[in-house]
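Enquirer: Structure file input_1.cif (mmCIF, C-alpha atoms) right here:
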data_final
loop_
_atom_site.label_atom_id
_atom_site.label_comp_id
_atom_site.auth_asym_id
_atom_site.auth_seq_id
_atom_site.Cartn_x
_atom_site.Cartn_y
_atom_site.Cartn_z
CA MET A 1 10.77 13.48 88.80
CA SER A 2 13.35 15.79 90.36
CA ASN A 3 14.30 19.14 88.86
CA LYS A 4 17.60 17.62 87.70
CA GLU A 5 15.85 14.76 85.91
CA ASN A 6 13.36 17.14 84.30
CA TYR A 7 16.13 19.52 83.24
CA LYS A 8 18.22 16.73 81.72
CA LYS A 9 15.19 15.38 79.87
CA ALA A 10 14.40 18.82 78.46
CA PHE A 11 17.96 19.59 77.36
CA SER A 12 18.75 16.11 76.03
CA VAL A 13 17.11 17.27 72.78
CA LEU A 14 20.22 19.35 72.06
CA LYS A 15 22.45 17.20 69.88
CA SER A 16 25.45 18.45 68.01
CA SER A 17 25.37 17.64 64.33
CA CYS A 18 29.05 18.54 64.28
CA ASP A 19 30.83 16.42 61.69
CA PHE A 20 34.17 16.67 63.39
CA THR A 21 37.11 15.53 61.30
CA LEU A 22 38.63 12.61 63.10
CA GLU A 23 41.71 11.81 61.08
CA GLU A 24 44.90 13.38 62.40
CA LYS A 25 45.93 14.44 58.93
CA GLU A 26 42.65 16.24 58.52
CA MET A 27 43.00 17.81 61.95
CA LYS A 28 46.34 19.24 60.92
CA LYS A 29 44.70 20.64 57.82
CA ILE A 30 42.02 22.27 59.98
CA THR A 31 44.71 23.72 62.24
CA ARG A 32 46.48 25.20 59.23
CA LEU A 33 43.23 26.55 57.81
CA ASN A 34 42.36 28.06 61.15
CA ALA A 35 45.79 29.66 61.34
CA HIS A 36 45.32 31.10 57.86
CA LYS A 37 41.85 32.37 58.67
CA ASN A 38 43.21 34.15 61.72
CA LEU A 39 46.27 35.59 60.05
CA LEU A 40 44.85 39.10 60.12
CA THR A 41 43.99 38.78 63.78
CA ALA A 42 47.51 37.62 64.51
CA ALA A 43 48.97 40.51 62.56
CA ALA A 44 46.76 42.92 64.46
CA VAL A 45 47.84 41.45 67.79
CA LEU A 46 51.50 41.59 66.85
CA LEU A 47 51.22 45.13 65.52
CA VAL A 48 50.26 46.51 68.92
CA LEU A 49 53.34 45.04 70.55
CA VAL A 50 55.60 47.79 71.81
CA VAL A 51 59.04 47.15 73.18
CA GLY A 52 60.18 48.05 76.69
CA SER A 53 57.68 47.89 79.52
CA GLY A 54 59.84 47.65 82.60
CA THR A 55 57.31 45.26 84.10
CA ALA A 56 58.23 42.48 86.49
CA TYR A 57 57.96 38.77 85.68
CA ALA A 58 58.04 35.75 87.97
CA ALA A 59 57.95 32.24 86.58
CA ASP A 60 56.45 29.41 88.63
CA ILE A 61 58.32 26.18 89.12
CA GLY A 62 58.26 24.25 85.85
CA GLY A 63 57.18 27.32 83.88
CA VAL A 64 53.57 26.12 83.57
CA ARG A 65 52.13 29.37 84.93
CA GLU A 66 53.79 32.73 85.05
CA THR A 67 52.86 35.78 87.05
CA VAL A 68 53.35 39.26 85.66
CA GLN A 69 52.47 42.67 87.04
CA LEU A 70 50.34 45.09 85.07
CA TRP A 71 48.38 48.28 85.68
CA LEU A 72 44.79 47.04 85.79
CA TYR A 73 41.91 49.05 87.22
CA GLY A 74 44.43 51.68 88.35
CA LYS A 75 46.53 49.35 90.47
CA GLN A 76 49.61 47.21 89.97
CA THR A 77 47.99 43.80 89.71
CA ASP A 78 49.38 40.28 89.62
CA VAL A 79 48.24 38.59 86.43
CA THR A 80 48.63 34.84 86.05
CA VAL A 81 49.35 33.60 82.53
CA ASN A 82 48.27 29.96 82.20
CA ASP A 83 49.83 27.58 79.74
CA ASP A 84 46.53 27.33 77.85
CA GLY A 85 46.81 31.00 76.89
CA SER A 86 44.32 32.30 79.43
CA ILE A 87 45.12 35.06 81.90
CA GLU A 88 43.62 35.53 85.35
CA PHE A 89 43.53 38.44 87.74
CA VAL A 90 41.41 39.84 90.57
CA ASP A 91 40.01 43.37 90.14
CA ASN A 92 39.41 46.11 92.77
CA GLN A 93 36.10 44.60 93.83
CA GLY A 94 37.50 41.10 94.27
CA ASN A 95 35.98 39.76 91.05
CA VAL A 96 38.10 37.11 89.36
CA HIS A 97 38.61 37.82 85.65
CA GLU A 98 39.65 35.22 83.16
CA GLU A 99 40.36 36.16 79.57
CA GLY A 100 41.60 34.07 76.69
CA VAL A 101 44.63 35.42 74.88
CA PHE A 102 45.78 33.55 71.81
CA HIS A 103 47.80 34.12 68.70
CA GLY A 104 45.96 34.02 65.41
CA ASP A 105 46.90 30.35 64.96
CA GLY A 106 45.36 29.48 68.33
CA SER A 107 48.70 28.98 70.08
CA PRO A 108 48.97 30.41 73.60
CA VAL A 109 50.79 33.67 74.22
CA THR A 110 53.82 34.02 76.47
CA ALA A 111 53.91 36.15 79.61
CA GLU A 112 56.09 38.69 77.80
CA GLU A 113 53.50 39.01 75.03
CA VAL A 114 50.71 39.50 77.57
CA VAL A 115 52.67 42.35 79.13
CA GLU A 116 53.29 43.97 75.75
CA ASP A 117 49.67 43.58 74.73
CA PHE A 118 48.10 44.77 77.97
CA LYS A 119 50.49 47.34 79.37
CA ASP A 120 48.48 50.24 77.89
CA ARG A 121 45.14 48.70 78.68
CA VAL A 122 42.05 50.74 79.55
CA ASP A 123 39.59 49.37 82.12
CA VAL A 124 36.05 50.53 82.80
CA GLU A 125 34.19 49.97 86.06
CA LYS A 126 30.80 50.94 87.46
CA LEU A 127 31.12 51.49 91.20
CA ASP A 128 28.49 50.74 93.85
CA ASP A 129 27.61 54.45 94.06
CA GLY A 130 26.60 54.34 90.37
CA THR A 131 29.53 56.34 89.03
CA VAL A 132 31.50 54.95 86.09
CA HIS A 133 35.27 55.20 86.04
CA VAL A 134 37.99 54.55 83.48
CA TYR A 135 41.42 53.42 84.57
CA TYR A 136 44.55 53.97 82.53
CA HIS A 137 47.93 53.08 83.99
CA ASP A 138 47.81 54.38 87.59
CA ARG A 139 45.09 56.98 86.84
CA ASP A 140 41.39 56.92 87.62
CA TYR A 141 38.80 59.24 86.04
CA ASP A 142 35.05 59.56 86.70
CA ILE A 143 33.38 59.53 83.26
CA THR A 144 29.76 59.35 84.43
CA ASP A 145 28.88 62.76 82.97
CA LYS A 146 30.61 61.91 79.67
CA ILE A 147 28.21 59.06 78.93
CA VAL A 148 25.56 59.98 76.38
CA GLU A 149 22.55 58.28 74.83
CA LYS A 150 23.26 56.60 71.48
CA GLU A 151 21.38 57.93 68.51
CA GLN A 152 20.85 54.45 67.15
CA LYS A 153 20.47 51.77 69.81
CA GLU A 154 21.86 48.33 68.88
CA LYS A 155 21.32 44.81 70.17
CA HIS A 156 24.28 43.34 72.05
CA GLY A 157 23.49 39.74 73.03
CA ASP A 158 20.64 39.96 75.52
CA ALA A 159 21.32 43.64 76.19
CA ILE A 160 20.79 46.84 74.22
CA GLU A 161 23.67 49.21 73.50
CA ALA A 162 21.86 52.32 74.66
CA LYS A 163 24.68 54.68 75.65
CA GLU A 164 28.22 55.46 74.60
CA CYS A 165 31.28 57.42 75.58
CA HIS A 166 34.26 58.47 73.46
CA LEU A 167 37.40 59.73 75.17
CA HIS A 168 40.76 61.09 74.09
CA ILE A 169 42.97 60.64 77.13
CA VAL A 170 46.19 62.64 77.32
CA GLY A 171 48.66 63.42 80.08
CA VAL A 172 49.80 59.81 80.31
CA ASP A 173 52.19 58.43 77.75
CA PRO A 174 51.02 57.12 75.31
CA GLU A 175 47.81 59.07 74.78
CA VAL A 176 44.86 56.86 73.94
CA TYR A 177 41.47 57.01 72.21
CA VAL A 178 38.72 55.04 73.95
CA ASP A 179 35.27 53.97 72.72
CA ILE A 180 32.88 52.44 75.27
CA GLU A 181 29.33 51.12 74.86
CA PHE A 182 26.91 50.81 77.76
CA ASP A 183 23.43 49.48 78.39
CA GLU A 184 20.69 51.71 79.74
CA ASN A 185 22.00 51.19 83.30
CA ASN A 186 25.54 52.31 82.47
CA GLU A 187 26.84 48.73 82.61
CA GLU A 188 29.74 48.39 80.19
CA LEU A 189 29.06 46.23 77.13
CA GLY A 190 32.29 46.77 75.24
CA CYS A 191 35.42 48.88 75.24
CA SER A 192 37.99 49.39 72.51
CA TYR A 193 41.03 51.60 72.64
CA GLY A 194 44.15 52.47 70.71
CA PRO A 195 46.64 55.19 69.80
CA THR A 196 44.29 56.53 67.10
CA PRO A 197 40.48 56.72 66.79
CA ASN A 198 39.43 53.15 66.23
CA GLY A 199 36.46 51.10 65.26
CA CYS A 200 33.65 53.59 65.77
CA GLY A 201 34.09 55.65 62.62
CA GLU A 202 31.06 55.89 60.38
CA VAL A 203 31.85 55.48 56.69
CA LYS A 204 30.14 58.10 54.53
CA GLY A 205 31.16 57.83 50.90
CA SER A 206 34.93 57.96 50.82
CA LYS A 207 35.19 59.61 54.25
CA VAL A 208 35.20 58.23 57.76
CA ILE A 209 33.34 60.38 60.27
CA TRP A 210 34.77 59.89 63.76
CA PRO A 211 32.69 60.47 66.88
CA ASN A 212 33.34 63.53 69.04
CA TYR A 213 36.01 62.47 71.49
CA ASP A 214 35.88 64.13 74.94
CA TYR A 215 39.36 65.45 75.67
CA ILE A 216 40.53 64.35 79.10
CA GLU A 217 43.83 65.43 80.57
CA LEU A 218 44.99 63.21 83.40
CA ASN A 219 47.45 64.89 85.72
CA MET B 929 47.01 12.08 80.72
CA ARG B 930 45.46 12.69 77.31
CA ILE B 931 42.40 11.15 75.68
CA PRO B 932 42.50 10.93 71.87
CA VAL B 933 40.43 13.77 70.43
CA GLN B 934 38.28 11.30 68.48
CA GLU B 935 37.15 9.64 71.71
CA LEU B 936 36.59 12.99 73.35
CA VAL B 937 34.32 14.11 70.50
CA ASP B 938 32.09 11.07 71.00
CA MET B 939 32.06 11.55 74.77
CA TYR B 940 31.41 15.26 75.05
CA LYS B 941 30.26 16.87 71.82
CA ASN B 942 26.64 17.04 72.98
CA ASN B 943 27.63 18.41 76.40
CA ILE B 944 29.70 21.17 74.79
CA TYR B 945 26.95 21.91 72.30
CA ALA B 946 24.32 22.16 75.05
CA ALA B 947 26.51 24.44 77.19
CA ALA B 948 27.37 26.66 74.21
CA PHE B 949 23.76 26.79 73.02
CA ASN B 950 22.73 27.77 76.51
CA ILE B 951 24.91 30.87 76.17
CA CYS B 952 24.65 31.71 72.44
CA LYS B 953 21.02 30.64 71.85
CA SER B 954 22.13 29.80 68.31
CA SER B 955 22.75 26.35 66.86
CA ALA B 956 25.26 27.67 64.29
CA ASP B 957 27.30 29.47 66.95
CA ALA B 958 27.11 26.47 69.28
CA GLU B 959 28.40 24.18 66.50
CA ASP B 960 31.31 26.59 65.99
CA VAL B 961 32.09 26.39 69.69
CA VAL B 962 32.12 22.56 69.52
CA GLN B 963 34.58 22.65 66.60
CA GLU B 964 36.80 25.29 68.16
CA THR B 965 36.86 23.62 71.57
CA PHE B 966 38.07 20.30 70.16
CA LEU B 967 40.57 22.14 68.00
CA GLN B 968 41.82 23.93 71.10
CA TYR B 969 42.17 20.59 72.87
CA TYR B 970 44.02 19.17 69.89
CA ILE B 971 46.57 21.96 69.69
CA THR B 972 47.17 22.40 73.42
CA LYS B 973 50.08 20.50 74.86
CA LYS B 974 48.47 20.52 78.28
CA GLU B 975 48.65 17.31 80.31
CA PHE B 976 45.57 16.51 82.38
CA ASP B 977 45.28 14.79 85.76
CA ASP B 978 42.32 12.61 84.82
CA GLU B 979 39.14 12.46 82.73
CA LYS B 980 37.33 14.74 85.17
CA HIS B 981 40.03 17.37 84.65
CA ILE B 982 39.63 17.12 80.86
CA ARG B 983 35.84 17.50 81.11
CA TYR B 984 36.28 20.52 83.36
CA TRP B 985 38.85 22.06 80.98
CA ILE B 986 36.86 21.59 77.76
CA LEU B 987 33.68 22.94 79.37
CA ARG B 988 35.56 25.99 80.62
CA VAL B 989 37.10 26.56 77.16
CA ALA B 990 33.68 26.07 75.51
CA ILE B 991 31.97 28.52 77.87
CA ASN B 992 34.67 31.14 77.29
CA LYS B 993 34.47 30.68 73.52
CA ALA B 994 30.67 30.90 73.60
CA LYS B 995 30.85 34.10 75.66
CA ASN B 996 33.38 35.54 73.21
CA ILE B 997 31.06 34.78 70.29
CA GLN B 998 28.10 36.17 72.22
CA SER B 999 29.84 39.50 72.72
CA SER B 1000 31.37 39.76 69.25
CA PHE B 1001 30.13 40.69 65.81
CA ARG B 1002 30.83 37.23 64.40
CA ARG B 1003 27.49 35.83 65.53
CA LYS B 1004 25.72 33.86 62.83
CA ASN B 1005 22.14 33.79 64.13
CA GLU B 1006 20.90 32.20 60.93
CA THR B 1007 17.80 30.85 62.69
CA THR B 1008 15.81 32.48 65.45
CA LEU B 1009 15.55 30.66 68.77
CA GLU B 1010 11.81 30.19 68.24
CA ASP B 1011 12.35 28.61 64.81
CA TYR B 1012 15.07 26.34 66.16
CA VAL B 1013 12.91 25.21 69.10
CA GLU B 1014 10.26 24.19 66.56
CA THR B 1015 12.75 21.71 65.05
CA LEU B 1016 13.42 20.02 68.40
CA THR B 1017 11.46 16.96 69.47
CA PHE B 1018 10.64 17.21 73.16
CA GLU B 1019 9.30 14.15 74.97
CA THR B 1020 6.61 16.16 76.73
CA SER B 1021 5.11 19.64 76.62
CA GLU B 1022 6.49 20.19 80.14
CA SER B 1023 10.02 19.58 78.83
CA ARG B 1024 9.49 22.12 76.11
CA GLU B 1025 8.12 24.64 78.57
CA LEU B 1026 11.09 24.14 80.90
CA PHE B 1027 13.52 24.56 77.97
CA GLU B 1028 11.83 27.76 76.87
CA GLU B 1029 11.71 29.24 80.37
CA VAL B 1030 15.41 28.49 80.95
CA MET B 1031 16.20 30.26 77.68
CA LYS B 1032 14.34 33.33 78.93
CA LEU B 1033 16.65 33.64 81.98
CA PRO B 1034 19.50 36.15 81.91
CA GLU B 1035 22.71 34.54 80.64
CA LYS B 1036 24.51 34.58 84.00
CA TYR B 1037 21.69 32.57 85.60
CA ARG B 1038 21.35 30.20 82.62
CA VAL B 1039 24.99 29.13 82.71
CA VAL B 1040 24.97 28.39 86.42
CA ILE B 1041 21.62 26.57 86.21
CA HIS B 1042 22.90 24.50 83.29
CA LEU B 1043 26.16 23.49 84.97
CA PHE B 1044 24.26 22.53 88.13
CA TYR B 1045 21.27 20.69 86.66
CA TYR B 1046 22.73 19.24 83.47
CA GLU B 1047 26.41 18.72 84.24
CA ASP B 1048 25.87 17.87 87.93
CA TYR B 1049 28.60 20.24 89.09
CA SER B 1050 28.58 21.47 92.69
CA VAL B 1051 28.49 25.16 93.61
CA LYS B 1052 32.21 24.99 94.37
CA GLU B 1053 33.02 23.40 91.01
CA ILE B 1054 30.86 25.90 89.11
CA ALA B 1055 32.65 28.76 90.86
CA LYS B 1056 35.95 27.27 89.70
CA ILE B 1057 34.78 26.82 86.10
CA LEU B 1058 33.33 30.33 85.82
CA ARG B 1059 36.08 31.91 87.94
CA VAL B 1060 33.60 33.64 90.22
CA THR B 1061 33.05 33.35 93.96
CA GLU B 1062 30.95 30.55 95.47
CA SER B 1063 28.57 33.10 96.97
CA SER B 1064 28.05 34.59 93.52
CA VAL B 1065 27.15 31.12 92.16
CA LYS B 1066 24.74 30.57 95.06
CA VAL B 1067 23.01 33.89 94.41
CA ARG B 1068 22.68 33.20 90.67
CA LEU B 1069 21.43 29.68 91.30
CA SER B 1070 18.90 30.89 93.82
CA ARG B 1071 17.61 33.71 91.58
CA GLY B 1072 17.48 31.41 88.55
CA ARG B 1073 15.51 28.81 90.52
CA ALA B 1074 13.12 31.46 91.82
CA LYS B 1075 12.43 32.70 88.30
CA LEU B 1076 11.85 29.15 87.07
CA LYS B 1077 9.53 28.40 90.00
CA ASP B 1078 7.66 31.61 89.28
CA ALA B 1079 7.21 30.73 85.62
CA LEU B 1080 6.69 26.97 85.84
CA LYS B 1081 4.74 26.78 89.14
CA GLU B 1082 4.08 23.05 89.69
CA GLY B 1083 6.53 22.16 86.94
CA TRP B 1084 9.49 23.11 89.13
CA GLU B 1085 10.10 21.79 92.64
CA ASP B 1086 10.78 24.35 95.33
CA GLU B 1087 14.41 23.98 96.42
CA GLN B 1088 14.87 27.32 98.21
#
Here is a file; write its structure as structure tokens.
Expert:
Amino acid sequence: MSNKENYKKAFSVLKSSCDFTLEEKEMKKITRLNAHKNLLTAAAVLLVLVVGSGTAYAADIGGVRETVQLWLYGKQTDVTVNDDGSIEFVDNQGNVHEEGVFHGDGSPVTAEEVVEDFKDRVDVEKLDDGTVHVYYHDRDYDITDKIVEKEQKEKHGDAIEAKECHLHIVGVDPEVYVDIEFDENNEELGCSYGPTPNGCGEVKGSKVIWPNYDYIELN
Amino acid sequence: MRIPVQELVDMYKNNIYAAAFNICKSSADAEDVVQETFLQYYITKKEFDDEKHIRYWILRVAINKAKNIQSSFRRKNETTLEDYVETLTFETSESRELFEEVMKLPEKYRVVIHLFYYEDYSVKEIAKILRVTESSVKVRLSRGRAKLKDALKEGWEDEQ
């Protein structure tokens, strides 16, 4: 038997027991339930919308895909917004990124909403020379020496969250707090950011203890 | 064109489940991906060129959803992979060994191997689905194959 035949035979044991609701009425109910379940997510997404970006838009013929320009990885980058809610762009190293962006009810976002949501985005990149950089708007900062070992290592899929970095970036409006997790090789596993310390606070009794944020002034 | 979601469920639910399981290594998470993928199809107003286009689209959505679950805190992981494998009925011990060795591969190799050997996609098509370069797919495929050959010896034909 060929490798393909052997592979198919081995993986044919995987059967979904999914009892998918087939009636349209029921589907609508599921859609509503899903929308309800994701209400908080939607509210969170909408809360970060800030008016006035001054960013350029260009709609394709028919309006199926739109291209917007955003600061990504320190450069003005063309971002394609597909009609299924996904966005696509190519980073500094030529890697194609695709990310899903949806409202809480699962409906796709518009190009304007993508711009609002991503215009103050923080990107993290490990370069070929081993240094790790953060990008914010048109700025680039080497954070390699800001990365520290985590006290408590955590599992993250197949990887281990072994290191972390917490930054308070000022000098670019708006200032931003950034929390990044890395594996033992300084490969990024997750990055969250916002106008206030977010997500990484440890709850002790009635208090939240925030990590020590490295203060970085970008000129 | 559109295919009624009911028909699509019968046609592809096992394919989506297998692709999602390949990434999540969890039956509960993979079942969630199946549900969410069909829901996504149901609510999208997208028109498709043909059935091949639909299959490509739902697999891409499923893979993205599985990756999102994999990297989020919403993972269920009610059963360990080992316990779940015990519930599966493989035709032969070689099939079981192949399944287990594939599951030991890093995720980026597993996905490419699965799309090539299970879904019969070409390198070019896999690159399009995963939005990576063709050379990147070739490298992952080659490294995945080498690891499988190393682990399975005679149980895996040399294709290098």
Enquirer: Rounded to one decimal place, report the atom CA of A:Ile160-atom CA of A:Phe182 distance in Å.
Expert: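 Distance reported for this atom pair: 8.1 Å.
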Enquirer: Within 8 Å of stretch 988-990 of chain B, counting all atoms listed in the file, which residues show up once you throw out same-chain ones fewer than 2 positions away? Write them as a list in words, please.
Expert: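 Neighbouring residues, sequence-local ones excluded: Ile944, Ala947, Ala948, Val961, Val962, Thr965, Tyr984, Trp985, Ile986, Asn992, Lys993, Ala994, Ile1057 and Leu1058 of chain B.
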Enquirer: Would you give me, as a VMD selection string, the residues of chain B that come within 9 Å of chain A, using all atoms listed in the file?
Expert: chain B and resid 933 to 934 937 941 to 946 949 952 955 958 to 960 962 to 963 966 to 968 970 to 974 989 992 to 993 998 to 1001 1016 to 1020 1022 to 1027 1034 to 1035 1042 1044 to 1048 1058 to 1061 1083 to 1085 1087
Enquirer: What separation in Å, quoted to one decimal, exists between atom CA of A:Tyr141 and atom CA of A:Gln76?
Expert: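 About the pair atom CA of A:Tyr141 and atom CA of A:Gln76: they are 16.6 Å apart.
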Enquirer: Any idea what the distance is between atom CA of A:Ile147 and atom CA of A:Tyr213?
Expert: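 Computed distance, atom CA of A:Ile147 to atom CA of A:Tyr213, equals 11.3 Å.
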Enquirer: Where does the PyMOL selection byres ((chain B and resi 1032) around 12) land in this file, that is, which residues does it pick, as a PyMOL selection string?
Expert: (chain A and resi 158) or (chain B and resi 950-951+953+1009-1010+1025-1031+1033-1038+1072+1075-1076+1079)
Enquirer: Can you work out which one of A:Glu188, A:Lys150, A:Asp140, A:Tyr177 has the shortest atom-to-atom distance to A:Glu164, counting all atoms listed in the file?
Expert: A:Lys150
Enquirer: Could you pull stretch 124-160 of chain A out of the block above and save it with C-alpha atoms, as a short mmCIF file (atom, residue, chain, number, x, y, z; two decimals), in the first residue's frame?
Expert:
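Once written, result-v7.cif looks like this:
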data_model
loop_
_atom_site.label_atom_id
_atom_site.label_comp_id
_atom_site.auth_asym_id
_atom_site.auth_seq_id
_atom_site.Cartn_x
_atom_site.Cartn_y
_atom_site.Cartn_z
CA VAL A 124 6.37 41.16 17.69
CA GLU A 125 9.02 39.58 15.49
CA LYS A 126 12.11 37.45 16.06
CA LEU A 127 14.71 38.32 13.44
CA ASP A 128 17.22 35.94 11.83
CA ASP A 129 19.99 37.32 14.06
CA GLY A 130 18.01 36.13 17.12
CA THR A 131 16.96 39.56 18.35
CA VAL A 132 13.30 40.16 19.16
CA HIS A 133 11.63 43.40 18.15
CA VAL A 134 8.31 45.08 18.87
CA TYR A 135 6.72 47.34 16.30
CA TYR A 136 4.25 50.07 17.18
CA HIS A 137 3.06 52.46 14.50
CA ASP A 138 6.23 53.39 12.55
CA ARG A 139 8.59 52.55 15.46
CA ASP A 140 10.80 49.53 16.00
CA TYR A 141 12.39 48.58 19.34
CA ASP A 142 14.78 45.73 20.21
CA ILE A 143 13.32 44.06 23.33
CA THR A 144 15.68 41.07 23.48
CA ASP A 145 17.19 42.14 26.81
CA LYS A 146 13.73 42.83 28.28
CA ILE A 147 12.68 39.19 27.97
CA VAL A 148 12.83 37.33 31.27
CA GLU A 149 12.22 33.77 32.43
CA LYS A 150 8.72 33.14 33.78
CA GLU A 151 8.48 32.10 37.39
CA GLN A 152 5.76 29.60 36.60
CA LYS A 153 6.06 27.99 33.18
CA GLU A 154 2.75 27.13 31.48
CA LYS A 155 1.73 24.81 28.66
CA HIS A 156 0.67 26.57 25.46
CA GLY A 157 -0.49 23.97 22.92
CA ASP A 158 2.61 21.95 22.05
CA ALA A 159 4.92 24.63 23.43
CA ILE A 160 5.81 25.84 26.92
#
